[in-house]
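The file my_file_2.tsv comes next; it holds TSV, C-alpha atoms.
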```tsv
chain	number	residue	atom	x	y	z
A	1	MET	CA	22.29	-0.59	-36.93
A	2	ASP	CA	21.40	-3.31	-34.40
A	3	ALA	CA	18.87	-3.33	-31.57
A	4	THR	CA	21.00	-0.97	-29.51
A	5	GLY	CA	20.11	1.78	-31.99
A	6	VAL	CA	23.66	2.93	-32.57
A	7	THR	CA	26.68	2.27	-34.78
A	8	MET	CA	30.22	3.36	-34.01
A	9	GLY	CA	32.91	3.33	-36.66
A	10	VAL	CA	36.58	3.82	-35.84
A	11	ARG	CA	39.08	5.78	-37.92
A	12	HIS	CA	42.75	5.99	-37.05
A	13	ILE	CA	44.34	9.37	-37.81
A	14	GLY	CA	48.06	8.90	-37.71
A	15	ALA	CA	49.72	6.70	-35.13
A	16	ASP	CA	48.23	8.01	-31.92
A	17	VAL	CA	44.82	9.58	-32.67
A	18	ALA	CA	41.54	7.77	-33.31
A	19	VAL	CA	38.08	9.10	-34.19
A	20	VAL	CA	34.89	7.26	-33.20
A	21	ASP	CA	31.95	8.17	-35.47
A	22	ILE	CA	28.75	7.78	-33.44
A	23	LYS	CA	25.46	7.39	-35.32
A	24	GLY	CA	22.10	6.84	-33.65
A	25	GLU	CA	21.04	6.74	-30.02
A	26	VAL	CA	23.36	7.01	-27.03
A	27	THR	CA	21.81	5.21	-24.07
A	28	ALA	CA	23.11	2.76	-21.50
A	29	ALA	CA	22.19	0.01	-23.97
A	30	CYS	CA	24.91	1.05	-26.39
A	31	GLU	CA	27.74	0.59	-23.88
A	32	PRO	CA	28.87	-2.74	-25.41
A	33	VAL	CA	29.10	-1.03	-28.81
A	34	LEU	CA	31.03	1.93	-27.41
A	35	MET	CA	33.39	-0.22	-25.39
A	36	SER	CA	34.01	-2.40	-28.44
A	37	ALA	CA	34.82	0.73	-30.44
A	38	TYR	CA	37.06	1.87	-27.60
A	39	GLU	CA	38.94	-1.45	-27.65
A	40	GLU	CA	39.53	-0.96	-31.37
A	41	ALA	CA	40.43	2.71	-31.11
A	42	GLY	CA	42.19	2.93	-27.78
A	43	GLY	CA	45.12	0.59	-28.28
A	44	PRO	CA	48.47	1.06	-26.53
A	45	GLY	CA	49.64	3.60	-29.10
A	46	THR	CA	46.56	5.82	-28.90
A	47	SER	CA	46.96	8.91	-26.78
A	48	ARG	CA	43.99	10.88	-28.10
A	49	LEU	CA	40.45	9.75	-28.72
A	50	VAL	CA	37.97	11.99	-30.54
A	51	LEU	CA	34.22	11.30	-30.39
A	52	ASN	CA	32.23	12.47	-33.43
A	53	PHE	CA	28.64	13.18	-32.39
A	54	ALA	CA	27.47	14.58	-35.74
A	55	GLY	CA	25.22	11.54	-36.19
A	56	LEU	CA	23.75	11.64	-32.67
A	57	GLU	CA	19.95	11.34	-32.78
A	58	TYR	CA	18.98	10.81	-29.16
A	59	MET	CA	20.65	10.66	-25.76
A	60	ASN	CA	19.26	10.02	-22.29
A	61	SER	CA	20.84	10.20	-18.85
A	62	GLY	CA	21.99	6.59	-19.16
A	63	GLY	CA	24.05	7.67	-22.17
A	64	ILE	CA	25.75	10.41	-20.16
A	65	GLY	CA	26.57	7.86	-17.47
A	66	MET	CA	28.10	5.60	-20.08
A	67	LEU	CA	30.34	8.42	-21.31
A	68	VAL	CA	31.55	8.90	-17.73
A	69	THR	CA	32.50	5.21	-17.65
A	70	LEU	CA	34.39	5.65	-20.93
A	71	LEU	CA	36.15	8.67	-19.46
A	72	VAL	CA	37.33	6.60	-16.49
A	73	ARG	CA	38.77	3.97	-18.80
A	74	ALA	CA	40.50	6.56	-20.96
A	75	ASN	CA	41.95	8.29	-17.89
A	76	ARG	CA	43.38	4.99	-16.68
A	77	GLN	CA	45.27	4.73	-19.98
A	78	ARG	CA	46.26	8.41	-19.79
A	79	GLN	CA	44.35	9.13	-22.97
A	80	GLN	CA	42.74	12.48	-23.78
A	81	LEU	CA	39.07	12.59	-24.76
A	82	ALA	CA	37.65	15.21	-27.13
A	83	ALA	CA	34.32	15.62	-28.90
A	84	TYR	CA	32.88	17.49	-31.87
A	85	GLY	CA	29.72	17.54	-33.95
A	86	LEU	CA	27.42	18.21	-30.99
A	87	SER	CA	24.27	20.19	-31.72
A	88	ASN	CA	23.55	23.16	-29.45
A	89	HIS	CA	21.06	20.98	-27.55
A	90	TYR	CA	23.60	18.28	-26.75
A	91	ARG	CA	26.38	20.79	-26.13
A	92	GLU	CA	24.16	22.33	-23.43
A	93	ILE	CA	23.61	18.88	-21.91
A	94	PHE	CA	27.38	18.36	-21.74
A	95	GLU	CA	27.63	21.75	-20.02
A	96	LEU	CA	24.68	21.08	-17.69
A	97	THR	CA	26.17	17.78	-16.53
A	98	ARG	CA	29.64	19.39	-16.50
A	99	LEU	CA	30.98	16.60	-18.67
A	100	ASP	CA	32.52	19.33	-20.83
A	101	GLU	CA	35.07	19.90	-18.06
A	102	ALA	CA	36.59	16.50	-18.80
A	103	ILE	CA	35.75	15.99	-22.48
A	104	THR	CA	36.82	19.03	-24.46
A	105	ILE	CA	34.27	20.09	-27.08
A	106	TYR	CA	35.29	21.38	-30.51
A	107	ASP	CA	33.29	22.77	-33.41
A	108	ASP	CA	34.66	20.41	-36.04
A	109	GLU	CA	37.01	17.51	-36.62
A	110	ALA	CA	39.94	19.62	-37.74
A	111	SER	CA	39.83	21.67	-34.53
A	112	ALA	CA	39.37	18.55	-32.42
A	113	LEU	CA	42.40	16.87	-33.95
A	114	VAL	CA	44.55	19.96	-33.56
A	115	GLY	CA	43.17	20.81	-30.10
A	116	ALA	CA	43.64	17.31	-28.81
A	117	ALA	CA	47.20	17.38	-30.03
A	118	THR	CA	48.13	20.42	-27.94
B	119	MET	CA	20.73	-9.69	-1.49
B	120	THR	CA	23.90	-7.72	-1.95
B	121	GLU	CA	26.84	-8.01	-4.28
B	122	ALA	CA	29.92	-5.86	-4.48
B	123	THR	CA	32.50	-5.82	-7.24
B	124	GLY	CA	35.97	-4.31	-7.19
B	125	PRO	CA	37.32	-2.19	-10.00
B	126	GLU	CA	39.75	-4.78	-11.24
B	127	ARG	CA	36.87	-7.04	-12.16
B	128	VAL	CA	34.89	-4.40	-14.00
B	129	ARG	CA	35.23	-4.82	-17.70
B	130	SER	CA	32.26	-2.84	-18.93
B	131	ALA	CA	28.65	-3.12	-19.79
B	132	GLU	CA	27.92	-6.76	-19.25
B	133	GLN	CA	28.32	-6.17	-15.52
B	134	ILE	CA	25.89	-3.30	-15.59
B	135	GLU	CA	22.44	-4.74	-15.94
B	136	LEU	CA	20.93	-3.33	-19.06
B	137	SER	CA	17.30	-2.47	-19.36
B	138	HIS	CA	15.23	-4.76	-21.52
B	139	ARG	CA	13.56	-1.63	-22.83
B	140	GLU	CA	16.88	0.06	-23.53
B	141	ALA	CA	18.22	-3.05	-25.21
B	142	GLY	CA	15.45	-2.59	-27.73
B	143	ALA	CA	16.04	1.12	-28.10
B	144	GLY	CA	16.29	2.48	-31.57
B	145	VAL	CA	13.48	0.52	-33.12
B	146	VAL	CA	11.40	3.69	-33.12
B	147	PRO	CA	13.17	7.05	-33.51
B	148	ARG	CA	12.91	9.00	-30.28
B	149	ASN	CA	13.06	12.63	-29.35
B	150	ASP	CA	14.56	13.84	-26.08
B	151	ALA	CA	13.41	17.46	-26.44
B	152	GLY	CA	11.76	18.59	-23.22
B	153	ARG	CA	13.08	15.65	-21.27
B	154	TRP	CA	16.34	17.29	-20.27
B	155	ALA	CA	16.43	20.28	-17.94
B	156	ALA	CA	17.47	23.59	-19.44
B	157	LYS	CA	21.06	24.56	-18.73
B	158	VAL	CA	21.66	26.26	-15.39
B	159	ASP	CA	24.91	27.58	-13.96
B	160	ARG	CA	23.76	27.89	-10.35
B	161	LEU	CA	20.65	26.68	-8.59
B	162	ASP	CA	17.70	28.92	-7.77
B	163	VAL	CA	15.56	27.85	-4.84
B	164	VAL	CA	11.89	28.31	-4.04
B	165	ALA	CA	11.15	28.14	-0.29
B	166	ARG	CA	9.29	24.99	0.73
B	167	ASP	CA	7.45	24.14	3.94
B	168	GLY	CA	8.86	21.56	6.32
B	169	VAL	CA	12.54	21.80	5.38
B	170	ARG	CA	15.33	24.15	6.40
B	171	GLY	CA	16.17	24.87	2.77
B	172	THR	CA	19.81	25.79	3.24
B	173	ASN	CA	22.97	24.82	1.32
B	174	VAL	CA	21.35	24.76	-2.12
B	175	ALA	CA	20.74	28.29	-3.43
B	176	GLY	CA	23.59	29.49	-5.62
B	177	ARG	CA	25.32	26.11	-5.65
B	178	ARG	CA	26.58	24.50	-8.85
B	179	LEU	CA	25.64	20.99	-9.91
B	180	THR	CA	28.24	18.27	-9.43
B	181	GLY	CA	28.67	15.10	-11.48
B	182	PRO	CA	31.17	12.28	-11.02
B	183	VAL	CA	33.81	14.39	-12.82
B	184	GLN	CA	33.65	17.00	-10.04
B	185	GLY	CA	33.61	14.54	-7.11
B	186	PHE	CA	36.47	13.41	-4.89
B	187	GLY	CA	36.12	9.78	-3.78
B	188	LYS	CA	36.08	6.42	-5.47
B	189	MET	CA	33.47	6.14	-8.21
B	190	TRP	CA	30.65	3.71	-7.50
B	191	GLN	CA	27.72	2.44	-9.48
B	192	LYS	CA	25.06	1.16	-7.09
B	193	THR	CA	21.98	-0.58	-8.45
B	194	TYR	CA	18.86	-1.50	-6.48
B	195	ARG	CA	16.15	-3.57	-8.22
B	196	LEU	CA	12.76	-4.97	-7.33
B	197	THR	CA	10.30	-6.97	-9.43
B	198	ALA	CA	6.93	-5.27	-9.13
B	199	GLY	CA	5.10	-7.90	-11.19
B	200	ALA	CA	2.93	-7.98	-14.28
B	201	ALA	CA	-0.03	-6.05	-12.87
B	202	VAL	CA	1.69	-2.71	-13.39
B	203	THR	CA	3.32	-1.33	-16.55
B	204	PRO	CA	6.67	0.48	-16.48
B	205	GLU	CA	4.89	3.73	-17.33
B	206	GLN	CA	2.42	3.28	-14.46
B	207	ALA	CA	5.24	2.49	-12.05
B	208	ILE	CA	7.17	5.63	-13.00
B	209	THR	CA	4.03	7.79	-12.93
B	210	THR	CA	3.35	6.61	-9.37
B	211	TRP	CA	6.98	7.05	-8.36
B	212	LYS	CA	7.16	10.59	-9.73
B	213	ALA	CA	3.84	11.68	-8.27
B	214	HIS	CA	4.48	10.32	-4.77
B	215	PHE	CA	8.27	10.34	-4.63
B	216	PRO	CA	8.64	11.65	-1.02
B	217	GLU	CA	6.12	9.17	0.37
B	218	PHE	CA	8.43	6.24	-0.27
B	219	TRP	CA	11.38	7.68	1.64
B	220	PRO	CA	12.29	6.19	5.03
B	221	LYS	CA	10.92	8.03	8.07
B	222	GLY	CA	12.93	10.97	9.37
B	223	ASN	CA	13.94	12.18	5.90
B	224	ARG	CA	12.17	14.97	4.02
B	225	PHE	CA	12.01	15.59	0.27
B	226	ALA	CA	10.30	18.87	-0.55
B	227	GLY	CA	9.78	19.12	-4.28
B	228	ALA	CA	7.31	20.84	-6.56
B	229	LEU	CA	3.65	20.06	-5.94
B	230	THR	CA	3.35	18.97	-9.55
B	231	GLY	CA	5.78	16.08	-9.00
B	232	ILE	CA	9.07	15.50	-10.79
B	233	SER	CA	9.77	17.65	-13.84
B	234	PRO	CA	13.04	18.54	-15.60
B	235	GLY	CA	14.64	21.62	-14.05
B	236	ASP	CA	12.90	21.32	-10.66
B	237	VAL	CA	15.00	21.81	-7.53
B	238	ALA	CA	13.91	19.82	-4.48
B	239	LEU	CA	15.08	20.58	-0.96
B	240	LEU	CA	16.10	17.74	1.34
B	241	ASP	CA	16.47	17.28	5.09
B	242	LEU	CA	18.22	13.98	5.72
B	243	ALA	CA	18.55	12.29	9.12
B	244	ILE	CA	22.24	11.82	9.92
B	245	GLY	CA	21.97	10.99	13.61
B	246	GLY	CA	22.34	12.97	16.81
B	247	GLY	CA	19.21	14.95	16.05
B	248	VAL	CA	20.96	16.73	13.20
B	249	LYS	CA	19.36	17.05	9.77
B	250	LEU	CA	21.62	17.39	6.76
B	251	SER	CA	20.10	20.09	4.56
B	252	THR	CA	20.82	19.76	0.87
B	253	GLY	CA	18.94	19.38	-2.41
B	254	VAL	CA	18.69	17.71	-5.78
B	255	PHE	CA	18.04	18.90	-9.33
B	256	VAL	CA	15.80	17.04	-11.77
B	257	LEU	CA	18.19	16.52	-14.68
B	258	TYR	CA	16.07	14.31	-16.93
B	259	ALA	CA	12.57	12.83	-16.93
B	260	ASP	CA	10.58	10.74	-19.40
B	261	GLU	CA	7.76	8.19	-19.17
B	262	GLU	CA	9.99	5.34	-17.99
B	263	SER	CA	12.78	7.05	-16.08
B	264	PHE	CA	13.93	10.17	-14.29
B	265	THR	CA	17.32	11.34	-13.06
B	266	LEU	CA	18.32	13.55	-10.12
B	267	MET	CA	21.69	15.35	-9.95
B	268	THR	CA	23.33	16.68	-6.81
B	269	PRO	CA	24.67	20.16	-5.96
B	270	GLN	CA	27.95	21.20	-4.35
B	271	GLY	CA	28.04	20.18	-0.69
B	272	HIS	CA	25.87	17.09	-1.12
B	273	MET	CA	27.25	13.80	0.24
B	274	PHE	CA	28.05	12.69	-3.26
B	275	ALA	CA	28.66	14.17	-6.67
B	276	GLY	CA	26.69	12.33	-9.31
B	277	TRP	CA	23.22	11.32	-10.27
B	278	ILE	CA	20.53	8.81	-9.44
B	279	THR	CA	18.40	7.34	-12.21
B	280	PHE	CA	15.05	5.81	-11.34
B	281	SER	CA	13.61	3.59	-14.04
B	282	ALA	CA	11.17	0.81	-14.79
B	283	GLU	CA	11.36	-1.82	-17.49
B	284	GLY	CA	9.24	-4.65	-18.80
B	285	THR	CA	10.77	-8.10	-18.40
B	286	PRO	CA	9.38	-11.63	-18.79
B	287	ALA	CA	9.03	-11.71	-14.98
B	288	GLY	CA	7.02	-8.50	-15.01
B	289	THR	CA	7.88	-4.87	-14.46
B	290	VAL	CA	11.20	-4.31	-12.71
B	291	ILE	CA	11.81	-1.02	-10.91
B	292	GLN	CA	15.34	0.22	-10.38
B	293	ALA	CA	17.29	2.98	-8.67
B	294	GLN	CA	20.86	3.36	-9.93
B	295	VAL	CA	23.40	5.72	-8.38
B	296	LEU	CA	26.57	6.81	-10.21
B	297	MET	CA	28.61	8.74	-7.70
B	298	ARG	CA	31.80	9.84	-6.01
B	299	ALA	CA	31.86	11.15	-2.42
B	300	ASN	CA	32.02	14.91	-2.82
B	301	ASP	CA	35.01	15.58	-0.56
B	302	PRO	CA	37.48	13.83	1.79
B	303	LEU	CA	35.20	14.13	4.84
B	304	TYR	CA	32.32	12.50	3.00
B	305	GLU	CA	34.66	9.82	1.63
B	306	VAL	CA	35.62	8.86	5.18
B	307	ALA	CA	31.97	8.97	6.27
B	308	MET	CA	30.88	6.81	3.33
B	309	THR	CA	33.60	4.28	4.07
B	310	LEU	CA	32.68	4.16	7.78
B	311	GLY	CA	29.07	3.15	7.25
B	312	GLY	CA	27.73	5.73	4.83
B	313	HIS	CA	27.55	3.30	1.93
B	314	ARG	CA	25.71	0.76	4.08
B	315	LYS	CA	23.31	3.46	5.27
B	316	GLU	CA	22.66	4.52	1.70
B	317	ASP	CA	21.99	0.92	0.68
B	318	VAL	CA	19.43	0.61	3.49
B	319	PHE	CA	17.84	3.91	2.42
B	320	TRP	CA	17.21	2.82	-1.15
B	321	VAL	CA	16.20	-0.72	-0.20
B	322	GLN	CA	13.54	0.74	2.12
B	323	THR	CA	12.45	3.17	-0.60
B	324	LEU	CA	12.04	0.46	-3.23
B	325	THR	CA	10.29	-1.81	-0.74
B	326	ALA	CA	7.77	0.93	0.04
B	327	LEU	CA	7.20	1.56	-3.67
B	328	GLY	CA	6.84	-2.18	-4.26
B	329	HIS	CA	4.13	-2.38	-1.61
B	330	ARG	CA	2.31	0.57	-3.24
B	331	LEU	CA	2.50	-1.11	-6.64
B	332	GLY	CA	1.17	-4.37	-5.24
B	333	ALA	CA	4.35	-6.43	-5.65
B	334	ALA	CA	3.97	-9.99	-4.35
B	335	ASP	CA	7.65	-10.16	-3.39
B	336	THR	CA	9.35	-6.97	-2.22
B	337	THR	CA	12.88	-8.37	-2.05
B	338	VAL	CA	15.35	-5.77	-3.31
B	339	THR	CA	18.61	-6.84	-4.94
B	340	THR	CA	21.63	-4.61	-4.43
B	341	ARG	CA	24.66	-4.55	-6.72
B	342	ASN	CA	27.59	-2.25	-5.93
B	343	VAL	CA	30.39	-1.86	-8.48
B	344	CYS	CA	33.50	0.24	-7.87
B	345	VAL	CA	34.00	1.76	-11.32
B	346	ASP	CA	37.12	3.74	-10.39
B	347	SER	CA	39.14	3.13	-7.24
B	348	SER	CA	41.23	6.28	-7.58
B	349	ARG	CA	40.44	9.48	-5.71
B	350	GLN	CA	40.43	12.88	-7.40
B	351	TRP	CA	42.60	14.89	-5.03
B	352	ARG	CA	42.30	17.98	-7.20
B	353	ASN	CA	38.70	18.17	-5.91
B	354	ALA	CA	39.57	17.91	-2.20
B	355	GLY	CA	38.70	21.59	-1.83
B	356	ASN	CA	35.03	20.66	-2.28
B	357	VAL	CA	35.04	20.32	1.50
B	358	TRP	CA	34.44	24.09	1.70
B	359	HIS	CA	30.83	23.49	0.59
B	360	ASN	CA	30.28	20.43	2.83
B	361	SER	CA	26.58	20.56	3.74
B	362	MET	CA	27.01	18.16	6.66
B	363	VAL	CA	29.45	20.51	8.42
B	364	ARG	CA	27.33	23.50	7.53
B	365	SER	CA	24.14	21.78	8.72
B	366	VAL	CA	25.72	21.01	12.10
B	367	LEU	CA	26.80	24.64	12.43
B	368	GLN	CA	23.33	25.82	11.33
B	369	THR	CA	21.72	23.55	13.94
B	370	LEU	CA	24.02	24.86	16.69
B	371	ALA	CA	23.38	28.44	15.64
B	372	ALA	CA	19.61	28.02	15.32
B	373	PRO	CA	18.70	29.43	18.79
B	374	VAL	CA	20.82	32.54	18.21
B	375	THR	CA	19.40	32.97	14.72
B	376	ALA	CA	15.85	32.71	16.08
B	377	LEU	CA	16.55	35.30	18.79
B	378	ARG	CA	17.97	37.70	16.23
B	379	ARG	CA	14.87	37.32	14.07
B	380	ARG	CA	12.61	38.12	17.06
B	381	GLY	CA	14.74	41.11	18.03
```

Any chance you could give the structure as structure tokens?
Amino acid sequence: MDATGVTMGVRHIGADVAVVDIKGEVTAACEPVLMSAYEEAGGPGTSRLVLNFAGLEYMNSGGIGMLVTLLVRANRQRQQLAAYGLSNHYREIFELTRLDEAITIYDDEASALVGAAT
Amino acid sequence: MTEATGPERVRSAEQIELSHREAGAGVVPRNDAGRWAAKVDRLDVVARDGVRGTNVAGRRLTGPVQGFGKMWQKTYRLTAGAAVTPEQAITTWKAHFPEFWPKGNRFAGALTGISPGDVALLDLAIGGGVKLSTGVFVLYADEESFTLMTPQGHMFAGWITFSAEGTPAGTVIQAQVLMRANDPLYEVAMTLGGHRKEDVFWVQTLTALGHRLGAADTTVTTRNVCVDSSRQWRNAGNVWHNSMVRSVLQTLAAPVTALRRRG
């Protein structure tokens, strides 16, 4: 983990779905890391992007803003965004900021992969 | 000093000035418990002196996802110098937030300052003797930043983050808005001078704060980036909640309302 306090690994599931495993702190400072992961995950063939927040340790309002920026980029490419692994605390923050209306939240990876595919 | 960037030139983070403090985040594990507001579905309002207090109670919060217009990230920065720490700057900003606003605008918040979950009522000067009555919700607050989120009917859907960071040049204070105009009427208004007016508002606010903090140079830099040039037409119906229209109607109806109360 570098000074941004976060690592993001990318897994490709099939031809058109990618999972980004987020570990650490989500703040505005981690935008280069997230956008780099997005470049790797969100190629031309990717139609669904799933964010795994099971390793999320901390998030501030700058982190929420960064996710909105990611959402804009995904929408431009007509890609769906989904998330899973959020604790109750962070799920409530998604609901409070109404980010859950654009990034669908699932309980686990299997549901996220299936849900995103429908 | 102003700079504007179109969406086609926005790649990502390198164009969004990152906090020196945030760049070093993660060295010490942090805990955000108590810094975020508890979840609310609709806003409850406590009456406050000096503001009309309408167009907030019962409204939902709106972020950029719920807005209508182009999405903008607007950043205003001022170097306050080395005599004040980021924590001191934010403590002063939180404790005296309304005092730094330009004249003619009212921010009526809790007496205790800015705390997560607070709802503040606003009367904003929009010209012609009309005050736009709206509010803001304190979404997040810690020692070095705090964020306000807007309700339905506000000029924009989004949030404003106020922060301070230590840099080699001293403490830098910043206000950063991530927003979309809430509905088509506001989008037109923002395009026809609203954005410029908002820039002036926050430049004056930071200048006043800079004076309070003892800044030697109170020059404010402004950086406006259009993050998304598309409009979200599915949210055009937000115009139903438009607080500007409602405030005008409330102002026109005020004499009748007062007579009814007396009767």

Worksheet item: Neighbours of range 35-39 of chain A within 12 Å (all atoms listed in the file; same-chain residues fewer than 4 positions away dropped), as a count of residues only?
Response: 39

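Ranking A:Ala41, A:Leu99, A:Val17, A:Leu56 by their shortest atom-to-atom distance to chain B, with all atoms listed in the file included, puts A:Leu99 first.
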
Worksheet item: Using only C-alpha atoms, which chain A residues lie at most 6 Å away from chain B, written as a VMD selection string?
Response: chain A and resid 3 to 5 29 31 to 32 96

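CA of Ala282 in chain B to CA of Ala198 in chain B spans 9.3 Å [interatomic distance, one decimal].
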
Taking 3 positions as the minimum chain separation for residues in the same chain, which residues sit within 9 Å of range 317-324 of chain B when counting all atoms listed in the file? Answer as a PDB file with C-alpha atoms, in the coordinates of the input.
```pdb
ATOM      1  CA  LYS B 192      25.060   1.160  -7.090  1.00  0.00           C
ATOM      2  CA  TYR B 194      18.860  -1.500  -6.480  1.00  0.00           C
ATOM      3  CA  ARG B 195      16.150  -3.570  -8.220  1.00  0.00           C
ATOM      4  CA  LEU B 196      12.760  -4.970  -7.330  1.00  0.00           C
ATOM      5  CA  GLU B 217       6.120   9.170   0.370  1.00  0.00           C
ATOM      6  CA  PHE B 218       8.430   6.240  -0.270  1.00  0.00           C
ATOM      7  CA  TRP B 219      11.380   7.680   1.640  1.00  0.00           C
ATOM      8  CA  PRO B 220      12.290   6.190   5.030  1.00  0.00           C
ATOM      9  CA  ILE B 291      11.810  -1.020 -10.910  1.00  0.00           C
ATOM     10  CA  GLN B 292      15.340   0.220 -10.380  1.00  0.00           C
ATOM     11  CA  ALA B 293      17.290   2.980  -8.670  1.00  0.00           C
ATOM     12  CA  GLY B 312      27.730   5.730   4.830  1.00  0.00           C
ATOM     13  CA  HIS B 313      27.550   3.300   1.930  1.00  0.00           C
ATOM     14  CA  ARG B 314      25.710   0.760   4.080  1.00  0.00           C
ATOM     15  CA  LEU B 327       7.200   1.560  -3.670  1.00  0.00           C
ATOM     16  CA  GLY B 328       6.840  -2.180  -4.260  1.00  0.00           C
ATOM     17  CA  HIS B 329       4.130  -2.380  -1.610  1.00  0.00           C
ATOM     18  CA  THR B 336       9.350  -6.970  -2.220  1.00  0.00           C
ATOM     19  CA  THR B 337      12.880  -8.370  -2.050  1.00  0.00           C
ATOM     20  CA  VAL B 338      15.350  -5.770  -3.310  1.00  0.00           C
ATOM     21  CA  THR B 339      18.610  -6.840  -4.940  1.00  0.00           C
ATOM     22  CA  THR B 340      21.630  -4.610  -4.430  1.00  0.00           C
TER      23      THR B 340
END
```

Worksheet entry | Spatial neighbours of Ala299 in chain B, max dist 7 Å, only C-alpha atoms, sep filter under 5 positions, as a list in words |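 Residues meeting the cut-off are Gly185, Phe186, Gly187, Met273, Phe274, Ala275, Tyr304 and Glu305 of chain B.
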
Worksheet entry | Separation of CA of Arg166 in chain B from CA of Ala226 in chain B, in Å and rounded to one decimal |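 That distance, rounded to one decimal, is 6.3 Å.
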
Worksheet item: Taking (17.2, 29.7, 5.4) in the file's coordinates as the center, which residues reach within 12 Å of it, counting all atoms listed in the file, put as a list in words?
Response: Val163, Val164, Ala165, Arg166, Asp167, Gly168, Val169, Arg170, Gly171, Thr172, Asn173, Val174, Ala175, Leu239, Ser251, Thr252, Ser365, Gln368, Thr369, Ala372, Thr375, Ala376 and Arg379 of chain B

Mind giving me the axis-aligned box for range 46-51 of chain A with 3 Å on every side, centre plus edges in Å to one decimal, as AutoDock Vina command-line options?
```
--center_x 40.6 --center_y 8.9 --center_z -28.7 --size_x 18.7 --size_y 12.2 --size_z 9.8
```

Worksheet item: Which of these, B:Cys344, B:Leu161, B:Leu377, B:Ala334, has the shortest distance to Thr193 in chain B once you count all atoms listed in the file?
Response: B:Cys344

Worksheet item: For Phe255 in chain B, which residue out of B:Gly199, B:Gln350, B:Gly284, B:Asp162 is the nearest one, using all atoms listed in the file?
Response: B:Asp162

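Our summary of the geometry notes that CA of Ala238 in chain B is positioned 16.5 Å from CA of Gly222 in chain B.
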
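Ranking A:Glu40, A:Gln80, A:Leu86, A:Asn75 by their shortest atom-to-atom distance to Gly55 in chain A, with all atoms listed in the file included, puts A:Leu86 first.
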
Item to complete: Would you mind telling me which residue in A:Asn88, A:Ser61, A:Asn52, A:Thr97 lies nearest to Ser111 in chain A when using all atoms listed in the file?
Response: A:Asn52

Worksheet item: Using all atoms listed in the file, which of the listed residues (A:Val26, A:Ile93, A:Ala112, A:Gly14) sits closest to Met59 in chain A?
Response: A:Val26

Just need range 25-48 of chain A in a file, please: C-alpha atoms, as a compact mmCIF listing (two decimals), in the first residue's frame.
```
# COMPACT_ATOMS: atom_id res chain seq x y z
CA GLU A 25 -8.85 4.21 2.64
CA VAL A 26 -11.09 5.82 0.04
CA THR A 27 -10.39 9.56 -0.08
CA ALA A 28 -9.83 12.05 -2.88
CA ALA A 29 -6.14 11.11 -2.69
CA CYS A 30 -6.79 7.63 -4.04
CA GLU A 31 -8.36 8.86 -7.29
CA PRO A 32 -5.21 8.12 -9.35
CA VAL A 33 -5.24 4.55 -8.01
CA LEU A 34 -8.94 4.10 -8.74
CA MET A 35 -8.72 5.60 -12.20
CA SER A 36 -5.73 3.39 -12.98
CA ALA A 37 -7.75 0.37 -11.85
CA TYR A 38 -10.64 1.62 -13.98
CA GLU A 39 -8.38 1.88 -17.04
CA GLU A 40 -7.34 -1.74 -16.47
CA ALA A 41 -10.84 -3.00 -15.72
CA GLY A 42 -13.01 -0.86 -17.95
CA GLY A 43 -11.71 -1.70 -21.39
CA PRO A 44 -13.88 -1.63 -24.51
CA GLY A 45 -15.27 -5.10 -23.83
CA THR A 46 -16.29 -4.42 -20.24
CA SER A 47 -19.96 -3.69 -19.74
CA ARG A 48 -20.15 -4.29 -15.99
```
